[in-house]
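Notes for the one structure printed next.
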Amino acid sequence: MRLNCPLCGDRDLREFTYYGASVYADRPEGGWSEAWDDLLHLRDNPAGETNDLWYHELGCSAWIEVSRNTVTHAISDTRLLAERKPAAKGAKA
Amino acid sequence: MRYSGLSVLKEGLFGNKGWKPVWREPEPKAEYDIIIIGGGGHGLATAYYLAKNHGLTNIAVLEKGYLGSGNVGRNTTIVRANYFLPGNSEFYSHSLKLWEGLERDLNYNVMHSQRGIINLFHSDGQRDAFARRGNAMVNQGDDAELLDREGVRRLVPYLDFEQTRFPIYGGLYHRRGGTARHDAVAWGFARGADQRGVDLIQNCEVTGIDIVDGRVTGVQTTRGAIRAKKVGIIAAGRSGQVAAMAGMRLPIESHILQAYVTEGLKPVIDHVVTYGMGHFYISQSDKGGLVFGGDLDFYASYAARGNLPMLEHVMEAGMTLMPMIGKAKILRTWGGIVDMTPDGSPIIDKTDVGGLYIDCGWNYGGFKATPASGWCMAHLIATGEPHEVARRFRLDRFRTGHLLDEEGTGSQHNLH
């Protein structure tokens, strides 16, 4: 499996670190609340299409959102986290 | 029919014509007292202990494929009780004791083999950590011995002790640990449950969970609606999808864990050897295949196969630890879908829906837990109260902070 880094191009999977669903980047405001339980622990965990958060640790250090299918491992799209689709932003993981 | 040495001899003499199907194939009834969603090891064990320990037999186990078609047949068959934390320690200790009497109890040969597990360590710090774990195991009433390098060498002389990256300092030896035949465990529990009157219904996928006024009333399935007073979700690998039918969102991310087996070889590895620093562990099956594995592929997945980078990593670790296996040919590789929780420990608890219970989140370690998971889930469903040894496996412990983080790696699902 290879991931297309928007900055470096097609790279080996082993250069990337996985951080789960990309809503992990949407940190709640303030101290402990149920929203933190949601962020840290609970997952939609879909069998199918998902948007993931990957970090190009052994490359350019970019945070990347990857549209991927968890059943087929097919990757449909990648983009910098900063440029992610508005629909994904704020949606539940 | 009861199995015995005599029955095997008799059938052998008369052409093995007298063996009967091991369980019935009943049509689902319109209503049961208890429905178990999931006919894997844990679901079948739960049904068995509901019948045996609590006298409840108006039960159906609903399985979307065939019995034991999930993780109970996709693991590396290791059975152990070497946990450290209170909450885990007493549970796995209970499980190992059940394993030790399981074949007699089930009248079924699950090929439980207490060949001993050796966890290798490679530094002074790791030796201290393993000594502490061993003391916790002994305090729990189980067995553990700390071996120095020569002690390990006497047991497993074929390891490369002087490897440059992680030279072997010694090992923690757990003699009562070992392996079992994984399919036979599912079949043994299925047979025992069936003999006590439990209906095992295969090719019956649950498509909905009926809830009225906050109480479960039954399930919708591909073979029609079935009413029930109580429902247990025991569907590890697909826990999230089943729980979503009851409006629940679980603290689980599904990951892929690969395993590998070689062609059959003459007996060469007598124990289970784990090499945590290299992400590698190995045993030899009774058929002779070397059965080994490593770590997760680390990204969420429902594909029952892994990717090549982890395969390569595991092979490298295996070659570092025991160069002698280098000429063995890999016969098969496969992946299991594991429920990873944020602390690496499982969940056996009631839910916010009345009469609905859940057993999930087994991470890497569901196989060895099979008897105790069934025992404790049966206790919970029958009495409504958690069993004493599973009382910390709460569904709400992440929100309340009562974590059971055995590895101390924090709230990230794929790090346990």
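Chains: A, B, ... in order of the structure tokens. Residues: from 1 per chain. Ligands: from 1, in order shown.
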Fill in: Shell around Leu311 of chain B at 9 Å using only C-alpha atoms, local window under 5 positions removed, as a list in words
Gln258, Ala259, Tyr260, Gly293, Gly294, Gly306, Glu316 and Thr333 of chain B
Practice prompt. Just need the residues of chain B within 7 Å of chain A, counting only C-alpha atoms, so spit them out as a list in words.
Written response: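 Applying the cut-off to the listed atoms yields Gly240, Arg249, Leu250, Pro251, Ile252, Glu253, Ser254, Phe298, Tyr299, Ala300, Ser301, Tyr302, Ala303, Asn307, Pro342, Phe398, Arg399 and Ser411 of chain B.
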Fill in: segment 196-209 of chain B environment, 6 Å, only C-alpha atoms, sequence neighbours closer than 3 positions dropped, as a list in words
Thr57, Ile59, Ala60, Val61, Leu62, Glu63, Lys64, Gly65, Tyr66, Ala193, Val219, Gln220, Thr221, Thr222, Arg223, Met245 and Ala246 of chain B
Neighbour list for Ala190 of chain B as a PDB file with N, CA and C atoms, in the first residue's frame, cut-off 9 Å, only C-alpha atoms, skip fewer than 6 positions in-chain:
```pdb
ATOM      1  N   VAL B  22     -22.787 -33.361  15.058  1.00  0.00           N
ATOM      2  CA  VAL B  22     -22.455 -32.961  16.422  1.00  0.00           C
ATOM      3  C   VAL B  22     -23.511 -32.018  17.009  1.00  0.00           C
ATOM      4  N   TRP B  23     -24.186 -31.243  16.157  1.00  0.00           N
ATOM      5  CA  TRP B  23     -25.293 -30.419  16.685  1.00  0.00           C
ATOM      6  C   TRP B  23     -26.459 -30.411  15.704  1.00  0.00           C
ATOM      7  N   GLY B  39     -22.067 -16.364  16.712  1.00  0.00           N
ATOM      8  CA  GLY B  39     -21.739 -17.756  17.019  1.00  0.00           C
ATOM      9  C   GLY B  39     -20.261 -18.031  16.907  1.00  0.00           C
ATOM     10  N   GLY B  41     -16.451 -18.153  19.297  1.00  0.00           N
ATOM     11  CA  GLY B  41     -16.038 -18.799  20.544  1.00  0.00           C
ATOM     12  C   GLY B  41     -16.732 -18.207  21.758  1.00  0.00           C
ATOM     13  N   LEU B  44     -20.658 -18.806  21.769  1.00  0.00           N
ATOM     14  CA  LEU B  44     -20.986 -20.201  22.052  1.00  0.00           C
ATOM     15  C   LEU B  44     -20.669 -20.542  23.511  1.00  0.00           C
ATOM     16  N   ALA B  45     -19.558 -20.008  24.020  1.00  0.00           N
ATOM     17  CA  ALA B  45     -19.202 -20.248  25.421  1.00  0.00           C
ATOM     18  C   ALA B  45     -20.247 -19.620  26.338  1.00  0.00           C
ATOM     19  N   ALA B  47     -23.446 -19.133  25.657  1.00  0.00           N
ATOM     20  CA  ALA B  47     -24.644 -19.981  25.616  1.00  0.00           C
ATOM     21  C   ALA B  47     -24.439 -21.241  26.455  1.00  0.00           C
ATOM     22  N   TYR B  48     -23.240 -21.821  26.342  1.00  0.00           N
ATOM     23  CA  TYR B  48     -22.939 -23.051  27.089  1.00  0.00           C
ATOM     24  C   TYR B  48     -23.044 -22.817  28.606  1.00  0.00           C
ATOM     25  N   LEU B  67     -20.761 -21.501  12.249  1.00  0.00           N
ATOM     26  CA  LEU B  67     -20.256 -21.409  13.618  1.00  0.00           C
ATOM     27  C   LEU B  67     -18.725 -21.362  13.613  1.00  0.00           C
ATOM     28  N   VAL B 198     -29.783 -25.497  23.627  1.00  0.00           N
ATOM     29  CA  VAL B 198     -29.620 -24.199  22.972  1.00  0.00           C
ATOM     30  C   VAL B 198     -29.760 -24.379  21.458  1.00  0.00           C
ATOM     31  N   LEU B 200     -28.667 -23.420  17.893  1.00  0.00           N
ATOM     32  CA  LEU B 200     -27.568 -22.751  17.183  1.00  0.00           C
ATOM     33  C   LEU B 200     -28.038 -22.513  15.756  1.00  0.00           C
TER      34      LEU B 200
END
```
Item to complete: Work out how far atom CA of Leu56 of chain B is from atom CA of Asp396 of chain B, in Å to one decimal.
Response: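 Value for the atom CA of Asp396 of chain B-atom CA of Leu56 of chain B distance: 28.1 Å.
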Practice prompt. Would you return as a VMD selection string the members of segment 91-253 of chain B that DSSP assigns to strand (DSSP E or B) on this structure's backbone?
Written response: chain B and resid 113 117 to 121 145 to 148 170 to 174 178 to 179 199 to 201 206 to 212 215 to 221 224 to 233 253
Item to complete: Please provide the set of residues having any atom within 10 Å of Asn135 of chain B, restricted to only C-alpha atoms, with same-chain residues fewer than 5 positions apart removed, written as a VMD selection string.
Response: chain B and resid 84 129 to 130 140 to 146
Fill in: Minimum-distance residue to Trp334 of chain B, chosen among B:Leu308, B:Val268, B:Val212, B:Met1 (using only C-alpha atoms)
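Closest to Trp334 of chain B, using only C-alpha atoms: B:Leu308.
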Worksheet item: What gap, in Å, lies between atom CA of Gly232 of chain B and atom CA of Gly355 of chain B?
Response: 8.3 Å
Worksheet item: Hey, what's within 12 Å of Leu102 of chain B if we count only C-alpha atoms and toss same-chain stuff fewer than 3 positions away? As a ChimeraX atom specification, please?
Response: /B:45,48-49,95-99,105-113,180,184-186,188-189,192,370-372
Discussion item. I'd like to know which residues of chain A are alpha helix (DSSP H) (by DSSP, run on the backbone); could you write them as a list of chain:residue names?
Written reply: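 Residues meeting the alpha helix (DSSP H) criterion: A:Glu34, A:Ala35, A:Trp36, A:Asp37, A:Asp38, A:Leu39, A:Leu40.
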Practice prompt. Excluding Met137 of chain B and any residue of its chain fewer than 5 positions from it, enumerate the residues within 12 Å of it, using only C-alpha atoms, and give them as JSON, numbers by chain.
Written response: {"B": [80, 81, 82, 83, 84, 85, 86, 88, 89, 90, 91, 92, 93, 130, 131, 132, 142, 143, 144, 145, 146, 172, 173, 174, 175, 176, 177]}
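Atom CA of Arg115 of chain B sits 26.5 Å away from atom CA of Ser69 of chain B.
When only C-alpha atoms are used to compute distances to Arg2 of chain A, the closest of the residues A:Glu49, A:Arg27, A:Ile64, A:Phe16 turns out to be A:Phe16.
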